[in-house]
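With PDB, C-alpha atoms inside, this is data-v4.pdb:
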ATOM      1  CA  ILE A 154     -50.383  23.108  -8.527
ATOM      2  CA  THR A 155     -49.877  21.895 -12.064
ATOM      3  CA  PRO A 156     -49.437  18.256 -13.141
ATOM      4  CA  ARG A 157     -45.948  19.189 -14.362
ATOM      5  CA  PHE A 158     -44.982  20.452 -10.871
ATOM      6  CA  ILE A 159     -46.282  17.216  -9.307
ATOM      7  CA  PHE A 160     -44.290  15.162 -11.839
ATOM      8  CA  ILE A 161     -41.073  17.110 -11.196
ATOM      9  CA  SER A 162     -41.550  16.810  -7.425
ATOM     10  CA  TYR A 163     -42.072  13.056  -7.782
ATOM     11  CA  ARG A 164     -38.934  12.734  -9.887
ATOM     12  CA  LEU A 165     -36.919  14.718  -7.345
ATOM     13  CA  ARG A 166     -38.204  12.586  -4.453
ATOM     14  CA  SER A 167     -37.379   9.439  -6.439
ATOM     15  CA  ALA A 168     -33.886  10.706  -7.227
ATOM     16  CA  CYS A 169     -33.246  11.544  -3.563
ATOM     17  CA  ARG A 170     -34.520   8.143  -2.508
ATOM     18  CA  LEU A 171     -32.238   6.465  -5.055
ATOM     19  CA  GLN A 172     -29.269   8.481  -3.739
ATOM     20  CA  ARG A 173     -30.040   7.371  -0.173
ATOM     21  CA  ILE A 174     -30.272   3.738  -1.282
ATOM     22  CA  GLN A 175     -27.008   3.978  -3.245
ATOM     23  CA  GLY A 176     -25.349   5.678  -0.285
ATOM     24  CA  HIS A 177     -26.466   2.895   2.041
ATOM     25  CA  VAL A 178     -25.247   0.221  -0.367
ATOM     26  CA  MET A 179     -21.855   1.948  -0.710
ATOM     27  CA  SER A 180     -21.582   2.295   3.062
ATOM     28  CA  THR A 181     -22.450  -1.355   3.600
ATOM     29  CA  LYS A 182     -19.961  -2.424   0.954
ATOM     30  CA  ALA A 183     -17.235  -0.219   2.413
ATOM     31  CA  GLY A 184     -17.949  -1.563   5.860
ATOM     32  CA  SER A 185     -17.384  -5.101   4.660
ATOM     33  CA  GLU A 186     -14.158  -4.316   2.775
ATOM     34  CA  VAL A 187     -12.319  -3.454   5.969
ATOM     35  CA  LEU A 188     -13.328  -4.774   9.383
ATOM     36  CA  PHE A 189     -12.636  -3.289  12.812
ATOM     37  CA  GLU A 190     -12.978  -5.037  16.134
ATOM     38  CA  LYS A 191     -11.845  -4.557  19.704
ATOM     39  CA  VAL A 192     -10.436  -7.760  21.186
ATOM     40  CA  GLY A 193      -9.529  -7.112  24.767
ATOM     41  CA  ASN A 194      -7.481  -3.917  24.692
ATOM     42  CA  ALA A 195      -6.345  -4.414  21.101
ATOM     43  CA  GLY A 196      -7.816  -2.777  18.028
ATOM     44  CA  VAL A 197      -7.785  -5.262  15.137
ATOM     45  CA  ILE A 198      -8.035  -4.178  11.479
ATOM     46  CA  THR A 199      -8.802  -6.823   8.853
ATOM     47  CA  LEU A 200      -8.454  -5.949   5.167
ATOM     48  CA  ASN A 201     -11.402  -7.900   3.816
ATOM     49  CA  ARG A 202     -11.170  -8.166   0.025
ATOM     50  CA  PRO A 203      -9.594 -11.629  -0.297
ATOM     51  CA  LYS A 204     -10.799 -12.120  -3.897
ATOM     52  CA  ALA A 205      -8.962  -8.913  -4.834
ATOM     53  CA  LEU A 206      -5.946  -9.909  -2.697
ATOM     54  CA  ASN A 207      -7.080  -7.242  -0.216
ATOM     55  CA  ALA A 208      -6.173  -4.431  -2.639
ATOM     56  CA  LEU A 209      -6.515  -1.031  -0.978
ATOM     57  CA  ASN A 210      -9.093   1.423  -2.321
ATOM     58  CA  LEU A 211     -10.067   4.957  -1.316
ATOM     59  CA  THR A 212     -13.126   3.866   0.652
ATOM     60  CA  MET A 213     -10.983   1.555   2.796
ATOM     61  CA  ILE A 214      -8.474   4.350   3.390
ATOM     62  CA  ARG A 215     -11.311   6.633   4.488
ATOM     63  CA  HIS A 216     -12.387   4.042   7.061
ATOM     64  CA  ILE A 217      -8.942   3.081   8.383
ATOM     65  CA  TYR A 218      -7.634   6.627   8.936
ATOM     66  CA  PRO A 219     -10.323   7.864  11.385
ATOM     67  CA  GLN A 220     -10.349   4.524  13.198
ATOM     68  CA  LEU A 221      -6.595   4.743  13.840
ATOM     69  CA  LYS A 222      -7.043   8.304  15.091
ATOM     70  CA  LYS A 223      -9.865   7.174  17.384
ATOM     71  CA  TRP A 224      -7.878   4.273  18.832
ATOM     72  CA  ASP A 225      -4.820   6.481  19.330
ATOM     73  CA  LYS A 226      -6.848   8.680  21.696
ATOM     74  CA  ASP A 227      -8.744   5.816  23.357
ATOM     75  CA  SER A 228      -7.309   5.007  26.797
ATOM     76  CA  GLU A 229      -8.750   1.474  26.557
ATOM     77  CA  THR A 230      -6.890   0.639  23.329
ATOM     78  CA  ASP A 231      -3.284  -0.388  23.994
ATOM     79  CA  LEU A 232      -2.124  -1.648  20.602
ATOM     80  CA  VAL A 233      -3.265  -2.055  16.996
ATOM     81  CA  ILE A 234      -2.989  -5.199  14.858
ATOM     82  CA  ILE A 235      -3.561  -5.122  11.092
ATOM     83  CA  LYS A 236      -3.915  -8.237   8.936
ATOM     84  CA  GLY A 237      -5.411  -9.457   5.669
ATOM     85  CA  ALA A 238      -8.347 -11.815   5.148
ATOM     86  CA  GLY A 239      -7.834 -15.098   3.291
ATOM     87  CA  ASP A 240      -4.694 -17.184   2.961
ATOM     88  CA  LYS A 241      -2.979 -15.471   0.014
ATOM     89  CA  ALA A 242      -2.355 -11.816   0.737
ATOM     90  CA  PHE A 243      -1.896  -9.165   3.373
ATOM     91  CA  CYS A 244      -2.510  -6.490   0.721
ATOM     92  CA  ALA A 245      -1.330  -6.796  -2.888
ATOM     93  CA  GLY A 246      -1.351  -3.059  -3.578
ATOM     94  CA  GLY A 247      -3.646  -0.172  -4.418
ATOM     95  CA  ASP A 248      -6.678  -0.147  -6.685
ATOM     96  CA  ILE A 249      -4.643   0.574  -9.829
ATOM     97  CA  ARG A 250      -7.487  -0.058 -12.293
ATOM     98  CA  ALA A 251      -9.703   2.511 -10.592
ATOM     99  CA  ILE A 252      -6.872   5.085 -10.645
ATOM    100  CA  THR A 253      -6.239   4.393 -14.334
ATOM    101  CA  GLU A 254      -9.897   4.847 -15.286
ATOM    102  CA  ALA A 255     -10.125   7.990 -13.158
ATOM    103  CA  GLY A 256      -6.996   9.453 -14.755
ATOM    104  CA  LYS A 257      -8.333   8.908 -18.249
ATOM    105  CA  ALA A 258     -11.648  10.494 -17.288
ATOM    106  CA  GLY A 259     -10.047  13.444 -15.480
ATOM    107  CA  ASP A 260     -11.648  12.371 -12.191
ATOM    108  CA  SER A 261     -10.353  13.729  -8.869
ATOM    109  CA  LEU A 262      -9.701  10.180  -7.587
ATOM    110  CA  THR A 263      -6.165  10.489  -8.987
ATOM    111  CA  GLN A 264      -5.507  13.272  -6.488
ATOM    112  CA  ASP A 265      -7.712  12.098  -3.624
ATOM    113  CA  LEU A 266      -6.436   8.529  -3.366
ATOM    114  CA  PHE A 267      -2.740   9.404  -3.420
ATOM    115  CA  ARG A 268      -3.193  12.324  -1.013
ATOM    116  CA  GLU A 269      -5.272  10.420   1.528
ATOM    117  CA  GLU A 270      -3.168   7.258   1.251
ATOM    118  CA  TYR A 271       0.034   9.180   1.973
ATOM    119  CA  ILE A 272      -1.616  10.924   4.947
ATOM    120  CA  LEU A 273      -2.543   7.448   6.241
ATOM    121  CA  ASN A 274       1.061   6.260   5.695
ATOM    122  CA  ASN A 275       2.309   9.182   7.776
ATOM    123  CA  THR A 276      -0.236   8.447  10.519
ATOM    124  CA  ILE A 277       1.089   4.885  10.744
ATOM    125  CA  GLY A 278       4.688   6.119  10.709
ATOM    126  CA  THR A 279       4.045   8.469  13.643
ATOM    127  CA  TYR A 280       1.636   6.249  15.588
ATOM    128  CA  GLN A 281       2.185   6.449  19.329
ATOM    129  CA  LYS A 282       0.858   3.020  20.309
ATOM    130  CA  PRO A 283       2.364  -0.339  19.290
ATOM    131  CA  TYR A 284       1.297  -1.111  15.705
ATOM    132  CA  VAL A 285       1.733  -4.700  14.513
ATOM    133  CA  ALA A 286       1.322  -5.638  10.843
ATOM    134  CA  LEU A 287       0.940  -9.373  10.213
ATOM    135  CA  ILE A 288       2.154  -9.563   6.601
ATOM    136  CA  ASP A 289       1.319 -13.235   6.116
ATOM    137  CA  GLY A 290       1.156 -13.311   2.304
ATOM    138  CA  ILE A 291       1.522 -10.984  -0.708
ATOM    139  CA  THR A 292       2.558  -7.497   0.397
ATOM    140  CA  MET A 293       3.093  -4.979  -2.399
ATOM    141  CA  GLY A 294       2.649  -1.269  -3.083
ATOM    142  CA  GLY A 295      -0.208   0.023  -0.950
ATOM    143  CA  GLY A 296       0.140  -3.000   1.334
ATOM    144  CA  VAL A 297       3.731  -2.004   2.030
ATOM    145  CA  GLY A 298       2.497   1.464   2.965
ATOM    146  CA  LEU A 299       0.113  -0.044   5.514
ATOM    147  CA  SER A 300       2.861  -2.097   7.146
ATOM    148  CA  VAL A 301       6.444  -0.930   6.689
ATOM    149  CA  HIS A 302       5.997   2.395   8.524
ATOM    150  CA  GLY A 303       4.560   0.662  11.588
ATOM    151  CA  ARG A 304       6.693  -0.238  14.593
ATOM    152  CA  PHE A 305       6.397  -4.024  14.065
ATOM    153  CA  ARG A 306       6.122  -5.999  10.799
ATOM    154  CA  VAL A 307       5.836  -9.781  11.078
ATOM    155  CA  ALA A 308       6.739 -11.794   7.964
ATOM    156  CA  THR A 309       6.070 -15.508   7.438
ATOM    157  CA  GLU A 310       7.216 -18.081   4.875
ATOM    158  CA  LYS A 311       4.191 -16.993   2.785
ATOM    159  CA  THR A 312       5.275 -13.341   2.623
ATOM    160  CA  LEU A 313       6.000 -12.026  -0.861
ATOM    161  CA  PHE A 314       7.293  -8.457  -0.790
ATOM    162  CA  ALA A 315       7.792  -6.186  -3.797
ATOM    163  CA  MET A 316       7.567  -2.608  -4.991
ATOM    164  CA  PRO A 317       6.892  -3.315  -8.712
ATOM    165  CA  GLU A 318       5.841   0.180  -9.759
ATOM    166  CA  THR A 319       8.539   0.850 -12.388
ATOM    167  CA  GLY A 320       6.947  -1.957 -14.417
ATOM    168  CA  ILE A 321       3.725   0.043 -14.794
ATOM    169  CA  GLY A 322       5.228   3.458 -15.433
ATOM    170  CA  LEU A 323       5.025   4.644 -11.831
ATOM    171  CA  PHE A 324       7.575   4.752  -8.975
ATOM    172  CA  PRO A 325       7.784   3.030  -5.560
ATOM    173  CA  ASP A 326       5.594   5.418  -3.591
ATOM    174  CA  VAL A 327       3.824   5.126  -0.176
ATOM    175  CA  GLY A 328       7.056   6.350   1.398
ATOM    176  CA  GLY A 329       9.385   4.175  -0.688
ATOM    177  CA  GLY A 330      11.690   7.157  -0.982
ATOM    178  CA  TYR A 331      12.067   6.997   2.799
ATOM    179  CA  PHE A 332      12.415   3.328   3.751
ATOM    180  CA  LEU A 333      14.202   1.957   0.659
ATOM    181  CA  PRO A 334      17.366   4.126   0.828
ATOM    182  CA  ARG A 335      17.660   3.208   4.505
ATOM    183  CA  LEU A 336      18.231  -0.479   3.760
ATOM    184  CA  GLN A 337      21.825  -1.717   3.898
ATOM    185  CA  GLY A 338      24.089  -0.932   0.990
ATOM    186  CA  LYS A 339      22.218  -0.096  -2.203
ATOM    187  CA  LEU A 340      19.662  -2.882  -1.756
ATOM    188  CA  GLY A 341      16.797  -0.383  -1.585
ATOM    189  CA  LEU A 342      17.779   1.171  -4.908
ATOM    190  CA  PHE A 343      17.983  -2.299  -6.430
ATOM    191  CA  LEU A 344      14.518  -3.245  -5.142
ATOM    192  CA  ALA A 345      13.103   0.091  -6.316
ATOM    193  CA  LEU A 346      14.453  -0.151  -9.869
ATOM    194  CA  THR A 347      13.830  -3.857 -10.500
ATOM    195  CA  GLY A 348      10.680  -4.586  -8.491
ATOM    196  CA  PHE A 349      12.506  -7.702  -7.273
ATOM    197  CA  ARG A 350      10.339  -9.992  -5.151
ATOM    198  CA  LEU A 351      11.670 -10.903  -1.734
ATOM    199  CA  LYS A 352      10.165 -13.963  -0.081
ATOM    200  CA  GLY A 353       9.737 -15.284   3.436
ATOM    201  CA  ARG A 354      12.635 -14.912   5.832
ATOM    202  CA  ASP A 355      14.556 -12.682   3.395
ATOM    203  CA  VAL A 356      12.001  -9.916   4.033
ATOM    204  CA  GLN A 357      13.071  -9.905   7.672
ATOM    205  CA  ARG A 358      16.766 -10.346   6.875
ATOM    206  CA  VAL A 359      16.899  -7.094   4.920
ATOM    207  CA  GLY A 360      14.965  -5.191   7.602
ATOM    208  CA  LEU A 361      11.652  -4.676   5.798
ATOM    209  CA  ALA A 362      10.052  -6.921   8.423
ATOM    210  CA  THR A 363      11.107  -6.704  12.055
ATOM    211  CA  HIS A 364      10.354 -10.372  12.788
ATOM    212  CA  PHE A 365       9.868 -13.743  11.099
ATOM    213  CA  VAL A 366       7.229 -16.107  12.491
ATOM    214  CA  GLN A 367       5.997 -19.304  10.874
ATOM    215  CA  SER A 368       2.536 -18.941   9.359
ATOM    216  CA  ASP A 369       1.031 -21.712  11.494
ATOM    217  CA  LYS A 370       1.921 -19.735  14.630
ATOM    218  CA  ILE A 371       0.243 -16.472  13.580
ATOM    219  CA  VAL A 372      -3.154 -17.234  15.145
ATOM    220  CA  SER A 373      -1.465 -18.097  18.450
ATOM    221  CA  LEU A 374       0.699 -14.967  18.197
ATOM    222  CA  GLN A 375      -2.325 -12.754  17.669
ATOM    223  CA  LYS A 376      -4.020 -14.246  20.739
ATOM    224  CA  ASP A 377      -0.936 -13.618  22.870
ATOM    225  CA  LEU A 378      -0.654 -10.048  21.552
ATOM    226  CA  VAL A 379      -4.271  -9.359  22.466
ATOM    227  CA  ASP A 380      -3.711 -10.778  25.958
ATOM    228  CA  LEU A 381      -0.867  -8.354  26.736
ATOM    229  CA  LYS A 382      -1.840  -5.889  29.458
ATOM    230  CA  SER A 383      -0.977  -2.244  28.676
ATOM    231  CA  PRO A 384       2.073  -3.314  26.664
ATOM    232  CA  SER A 385       4.982  -1.048  25.901
ATOM    233  CA  ASN A 386       6.868  -1.389  22.609
ATOM    234  CA  SER A 387       9.486  -3.434  24.447
ATOM    235  CA  ASP A 388       6.789  -5.811  25.766
ATOM    236  CA  VAL A 389       5.526  -6.391  22.232
ATOM    237  CA  ALA A 390       9.080  -6.806  20.907
ATOM    238  CA  GLN A 391       9.830  -9.381  23.622
ATOM    239  CA  LEU A 392       6.770 -11.446  22.663
ATOM    240  CA  LEU A 393       7.619 -11.258  18.945
ATOM    241  CA  ASP A 394      11.234 -12.218  19.697
ATOM    242  CA  SER A 395      10.046 -15.329  21.528
ATOM    243  CA  TYR A 396       7.907 -16.393  18.578
ATOM    244  CA  GLN A 397      10.760 -15.769  16.153
ATOM    245  CA  GLU A 398      13.018 -18.006  18.243
ATOM    246  CA  GLN A 399      10.447 -20.812  17.894
ATOM    247  CA  SER A 400      10.346 -20.378  14.089
ATOM    248  CA  CYS A 401      13.196 -22.380  12.573
ATOM    249  CA  LEU A 402      11.770 -22.740   9.050
ATOM    250  CA  ASP A 403      14.274 -21.664   6.336
ATOM    251  CA  ALA A 404      16.739 -20.474   8.989
ATOM    252  CA  GLU A 405      19.650 -22.045   7.093
ATOM    253  CA  LYS A 406      18.429 -20.956   3.669
ATOM    254  CA  PRO A 407      20.867 -18.447   2.123
ATOM    255  CA  PHE A 408      19.807 -14.982   1.026
ATOM    256  CA  VAL A 409      19.311 -15.152  -2.744
ATOM    257  CA  LEU A 410      19.320 -12.462  -5.448
ATOM    258  CA  GLN A 411      19.295 -13.270  -9.170
ATOM    259  CA  GLU A 412      20.529 -11.459 -12.258
ATOM    260  CA  GLN A 413      18.250  -8.512 -13.016
ATOM    261  CA  THR A 414      19.634  -6.945 -16.203
ATOM    262  CA  GLU A 415      16.800  -8.326 -18.336
ATOM    263  CA  THR A 416      14.228  -7.147 -15.815
ATOM    264  CA  LEU A 417      15.552  -3.586 -15.888
ATOM    265  CA  ALA A 418      15.291  -3.565 -19.683
ATOM    266  CA  LYS A 419      11.525  -4.158 -19.410
ATOM    267  CA  MET A 420      10.828  -1.247 -17.076
ATOM    268  CA  SER A 421       9.668   2.236 -18.034
ATOM    269  CA  PRO A 422      12.802   4.316 -18.722
ATOM    270  CA  THR A 423      11.046   7.367 -17.304
ATOM    271  CA  SER A 424      10.138   5.468 -14.137
ATOM    272  CA  LEU A 425      13.690   4.193 -13.749
ATOM    273  CA  LYS A 426      15.168   7.697 -13.934
ATOM    274  CA  LEU A 427      12.468   9.133 -11.693
ATOM    275  CA  THR A 428      12.917   6.330  -9.145
ATOM    276  CA  PHE A 429      16.713   6.625  -9.148
ATOM    277  CA  ARG A 430      16.430  10.326  -8.280
ATOM    278  CA  GLN A 431      13.641   9.658  -5.748
ATOM    279  CA  ILE A 432      15.787   7.173  -3.819
ATOM    280  CA  GLN A 433      18.829   9.485  -3.935
ATOM    281  CA  GLU A 434      16.872  12.472  -2.635
ATOM    282  CA  GLY A 435      14.860  10.438  -0.119
ATOM    283  CA  GLU A 436      17.968   9.318   1.741
ATOM    284  CA  ARG A 437      18.280  12.821   3.184
ATOM    285  CA  MET A 438      14.571  13.464   3.812
ATOM    286  CA  SER A 439      12.118  12.826   6.628
ATOM    287  CA  LEU A 440       9.097  10.601   5.991
ATOM    288  CA  GLN A 441       6.909  13.706   5.778
ATOM    289  CA  GLU A 442       9.175  15.357   3.186
ATOM    290  CA  VAL A 443       9.269  12.130   1.171
ATOM    291  CA  LEU A 444       5.478  11.828   1.106
ATOM    292  CA  VAL A 445       5.139  15.432  -0.100
ATOM    293  CA  MET A 446       7.695  14.717  -2.849
ATOM    294  CA  GLU A 447       5.946  11.493  -3.826
ATOM    295  CA  TYR A 448       2.541  13.175  -4.063
ATOM    296  CA  ARG A 449       4.016  15.632  -6.575
ATOM    297  CA  LEU A 450       5.588  12.746  -8.498
ATOM    298  CA  SER A 451       2.313  10.798  -8.500
ATOM    299  CA  GLN A 452       0.478  13.724 -10.041
ATOM    300  CA  ALA A 453       3.168  14.099 -12.727
ATOM    301  CA  CYS A 454       2.743  10.399 -13.544
ATOM    302  CA  MET A 455      -1.031  10.877 -13.838
ATOM    303  CA  ARG A 456      -0.398  13.494 -16.549
ATOM    304  CA  GLY A 457       2.061  11.333 -18.498
ATOM    305  CA  ASN A 458       1.898   8.321 -20.825
ATOM    306  CA  ASP A 459       3.767   5.477 -19.188
ATOM    307  CA  PHE A 460       1.487   4.800 -16.199
ATOM    308  CA  TYR A 461      -1.561   4.212 -18.403
ATOM    309  CA  GLU A 462       0.448   2.199 -20.922
ATOM    310  CA  GLY A 463       2.056   0.110 -18.180
ATOM    311  CA  VAL A 464      -1.271  -0.717 -16.566
ATOM    312  CA  ARG A 465      -2.683  -1.640 -19.986
ATOM    313  CA  ALA A 466       0.193  -3.977 -20.816
ATOM    314  CA  VAL A 467       0.555  -5.612 -17.389
ATOM    315  CA  LEU A 468      -2.921  -5.619 -15.863
ATOM    316  CA  ILE A 469      -5.557  -5.102 -18.580
ATOM    317  CA  ASP A 470      -4.481  -6.576 -21.951
ATOM    318  CA  LYS A 471      -1.693  -8.545 -20.241
ATOM    319  CA  ASP A 472       0.419  -8.638 -23.414
ATOM    320  CA  GLN A 473       3.482  -7.638 -21.322
ATOM    321  CA  SER A 474       4.622  -5.393 -24.187
ATOM    322  CA  PRO A 475       4.309  -1.784 -23.068
ATOM    323  CA  LYS A 476       5.171   0.963 -25.549
ATOM    324  CA  TRP A 477       7.118   3.342 -23.340
ATOM    325  CA  LYS A 478       7.582   7.002 -24.316
ATOM    326  CA  PRO A 479      10.502   7.570 -24.516
ATOM    327  CA  SER A 480      11.426   3.966 -25.176
ATOM    328  CA  THR A 481      15.024   4.094 -23.920
ATOM    329  CA  LEU A 482      16.959   5.693 -21.068
ATOM    330  CA  SER A 483      18.654   7.971 -23.588
ATOM    331  CA  GLY A 484      15.374   8.749 -25.368
ATOM    332  CA  SER A 485      14.784  12.222 -26.742
ATOM    333  CA  LEU A 486      11.645  14.327 -27.207
ATOM    334  CA  GLY A 487      11.699  13.602 -30.929
ATOM    335  CA  GLU A 488      10.401  16.539 -32.976
ATOM    336  CA  ARG A 489       9.951  18.530 -29.773
ATOM    337  CA  ASP A 490      13.623  18.186 -28.737
ATOM    338  CA  LEU A 491      15.859  21.237 -28.436
ATOM    339  CA  LYS A 492      17.892  21.858 -31.612
ATOM    340  CA  LEU A 493      21.206  23.701 -31.182
TER     341      LEU A 493
END

Take the structure in the file and write it out as structure tokens.
Amino acid sequence: ITPRFIFISYRLRSACRLQRIQGHVMSTKAGSEVLFEKVGNAGVITLNRPKALNALNLTMIRHIYPQLKKWDKDSETDLVIIKGAGDKAFCAGGDIRAITEAGKAGDSLTQDLFREEYILNNTIGTYQKPYVALIDGITMGGGVGLSVHGRFRVATEKTLFAMPETGIGLFPDVGGGYFLPRLQGKLGLFLALTGFRLKGRDVQRVGLATHFVQSDKIVSLQKDLVDLKSPSNSDVAQLLDSYQEQSCLDAEKPFVLQEQTETLAKMSPTSLKLTFRQIQEGERMSLQEVLVMEYRLSQACMRGNDFYEGVRAVLIDKDQSPKWKPSTLSGSLGERDLKL
């Protein structure tokens, strides 16, 4: 055995040891970013990244999905509750920065995250047991996907709902093409194009939340939910109804929408056109068909310009001055346009 062989073997053992350590650290970190507990016969999920407004990343998705599957088959789990840690957000969206960096580097995260997130959205949308999302705070993008497809969504006066994707060169995904066109009138199209932020009781008024409960009653509500014995969906609905009846805050406040022409002018023209078509087509599709369509759209956005430019302008440099390509709704391909 030569000294060189011994050296190479040592290096390999060191590298393997480092990989094991890194793997353990990643596992520990992932385990702390989303928490699972059984309380009575309820499975409770807590999104645990309060400093990041509980933004959803791929590791969290890969923990939530199998846990939901496990609880669905577990005869001793009667319902699932999902909530966010901290006092600001349920979940403010997906890990957009990570997707942006991955897209620029050609990393598979741009496919993996969208694919696995949409599969999780579908799992929630087809879940057999009562699923209660306590959206007590900011709920956007990926956070909407974790809540709106569930049977019960409980808003509070702290809820701030939006699908702001057209402002970063994307489109309202996570099944937006399914639930938005099913809102009354053309409200869903309006929310999709403008990214308008709905607050508090208005989230329940338009049907995005099933119930409105005052924030100071949420802890008590969760305890009563956990105490339900083998509840049916109607049992859960009855309990939520009773809490809504006790919540009088903002009951007389009128539903308010403001002028959005200036907002539309700031959005990516490509995203606006894409979103308009998405909402039109989605009205006639099932949730599964919508998610397949949206995965294709997400991958097209990863190959384009506007998503990366939108993230730069809104989230990284924060100059709020994206250079869209094309820059207008009537924009051409410039030198590459068809000449007749």

ask   = Rounded to one decimal in Å, what is the spacing between CA of Thr416 in chain A and CA of Glu436 in chain A?
value =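 Computing the Euclidean distance for CA of Thr416 in chain A and CA of Glu436 in chain A yields 24.4 Å.
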
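Taking CA of Val307 in chain A and CA of Leu425 in chain A as endpoints, the distance between them is 29.6 Å.
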
inquiry  = From the options A:Ser483, A:Asn386, A:Gln264, A:Gln431, which residue's atoms come nearest to Ile252 in chain A, counting only C-alpha atoms?
reply    =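 Once distances to Ile252 in chain A are computed over only C-alpha atoms, the minimum belongs to A:Gln264.
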
inquiry  = Please compute the CA of Tyr448 in chain A-CA of Leu262 in chain A distance, one decimal, in Å.
reply    =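 Spanning CA of Tyr448 in chain A to CA of Leu262 in chain A is a straight-line distance of 13.1 Å.
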
query = Between A:Gly353, A:Gly328, A:Pro334, A:Gly278, which one has atoms that come closest to Thr312 in chain A, using all atoms listed in the file?
reply = A:Gly353

Chain and number of each residue from the PyMOL selection byres ((chain A and resi 377) around 12), as a PDB file with C-alpha atoms, in the frame of the given file:
ATOM      1  CA  VAL A 192     -10.436  -7.760  21.186  1.00  0.00           C
ATOM      2  CA  GLY A 193      -9.529  -7.112  24.767  1.00  0.00           C
ATOM      3  CA  ASN A 194      -7.481  -3.917  24.692  1.00  0.00           C
ATOM      4  CA  ALA A 195      -6.345  -4.414  21.101  1.00  0.00           C
ATOM      5  CA  ILE A 234      -2.989  -5.199  14.858  1.00  0.00           C
ATOM      6  CA  LYS A 370       1.921 -19.735  14.630  1.00  0.00           C
ATOM      7  CA  ILE A 371       0.243 -16.472  13.580  1.00  0.00           C
ATOM      8  CA  VAL A 372      -3.154 -17.234  15.145  1.00  0.00           C
ATOM      9  CA  SER A 373      -1.465 -18.097  18.450  1.00  0.00           C
ATOM     10  CA  LEU A 374       0.699 -14.967  18.197  1.00  0.00           C
ATOM     11  CA  GLN A 375      -2.325 -12.754  17.669  1.00  0.00           C
ATOM     12  CA  LYS A 376      -4.020 -14.246  20.739  1.00  0.00           C
ATOM     13  CA  LEU A 378      -0.654 -10.048  21.552  1.00  0.00           C
ATOM     14  CA  VAL A 379      -4.271  -9.359  22.466  1.00  0.00           C
ATOM     15  CA  ASP A 380      -3.711 -10.778  25.958  1.00  0.00           C
ATOM     16  CA  LEU A 381      -0.867  -8.354  26.736  1.00  0.00           C
ATOM     17  CA  LYS A 382      -1.840  -5.889  29.458  1.00  0.00           C
ATOM     18  CA  PRO A 384       2.073  -3.314  26.664  1.00  0.00           C
ATOM     19  CA  ASP A 388       6.789  -5.811  25.766  1.00  0.00           C
ATOM     20  CA  VAL A 389       5.526  -6.391  22.232  1.00  0.00           C
ATOM     21  CA  GLN A 391       9.830  -9.381  23.622  1.00  0.00           C
ATOM     22  CA  LEU A 392       6.770 -11.446  22.663  1.00  0.00           C
ATOM     23  CA  LEU A 393       7.619 -11.258  18.945  1.00  0.00           C
ATOM     24  CA  SER A 395      10.046 -15.329  21.528  1.00  0.00           C
ATOM     25  CA  TYR A 396       7.907 -16.393  18.578  1.00  0.00           C
TER      26      TYR A 396
END

What does the PyMOL selection byres ((chain A and resi 306) around 8) select in this file, as a PDB file with C-alpha atoms, in the coordinates of the input?
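Final output, saved to expr18.pdb:
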ATOM      1  CA  VAL A 285       1.733  -4.700  14.513  1.00  0.00           C
ATOM      2  CA  ALA A 286       1.322  -5.638  10.843  1.00  0.00           C
ATOM      3  CA  LEU A 287       0.940  -9.373  10.213  1.00  0.00           C
ATOM      4  CA  ILE A 288       2.154  -9.563   6.601  1.00  0.00           C
ATOM      5  CA  SER A 300       2.861  -2.097   7.146  1.00  0.00           C
ATOM      6  CA  VAL A 301       6.444  -0.930   6.689  1.00  0.00           C
ATOM      7  CA  GLY A 303       4.560   0.662  11.588  1.00  0.00           C
ATOM      8  CA  ARG A 304       6.693  -0.238  14.593  1.00  0.00           C
ATOM      9  CA  PHE A 305       6.397  -4.024  14.065  1.00  0.00           C
ATOM     10  CA  VAL A 307       5.836  -9.781  11.078  1.00  0.00           C
ATOM     11  CA  ALA A 308       6.739 -11.794   7.964  1.00  0.00           C
ATOM     12  CA  LEU A 361      11.652  -4.676   5.798  1.00  0.00           C
ATOM     13  CA  ALA A 362      10.052  -6.921   8.423  1.00  0.00           C
ATOM     14  CA  THR A 363      11.107  -6.704  12.055  1.00  0.00           C
ATOM     15  CA  HIS A 364      10.354 -10.372  12.788  1.00  0.00           C
TER      16      HIS A 364
END

ask   = What's the 9 Å shell around Asn210 in chain A, counting all atoms listed in the file, without same-chain residues fewer than 2 positions away, as a list in words?
value = Ala208, Thr212, Met213, Ile214, Arg215, Gly247, Asp248, Ile249, Ala251 and Leu266 of chain A

Would you put the residues from that selection into a file with C-alpha atoms, as a short mmCIF file (atom, residue, chain, number, x, y, z; two decimals), in the coordinates of the input?
data_model
loop_
_atom_site.label_atom_id
_atom_site.label_comp_id
_atom_site.auth_asym_id
_atom_site.auth_seq_id
_atom_site.Cartn_x
_atom_site.Cartn_y
_atom_site.Cartn_z
CA ALA A 208 -6.17 -4.43 -2.64
CA THR A 212 -13.13 3.87 0.65
CA MET A 213 -10.98 1.56 2.80
CA ILE A 214 -8.47 4.35 3.39
CA ARG A 215 -11.31 6.63 4.49
CA GLY A 247 -3.65 -0.17 -4.42
CA ASP A 248 -6.68 -0.15 -6.68
CA ILE A 249 -4.64 0.57 -9.83
CA ALA A 251 -9.70 2.51 -10.59
CA LEU A 266 -6.44 8.53 -3.37
#

ask   = Leaving out Val443 in chain A and any residue of its chain fewer than 5 positions from it, which residues lie within 7 Å of it when counting all atoms listed in the file, given as a PyMOL selection string?
value = chain A and resi 328+330-331+435+438

task = Check the smallest atom-to-atom distance from each of A:Arg350, A:Arg358, A:Lys257, A:His302 to Met455 in chain A using only C-alpha atoms, then report the winner.
result =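 Going through A:Arg350, A:Arg358, A:Lys257, A:His302 one by one, the smallest distance to Met455 in chain A is for A:Lys257.
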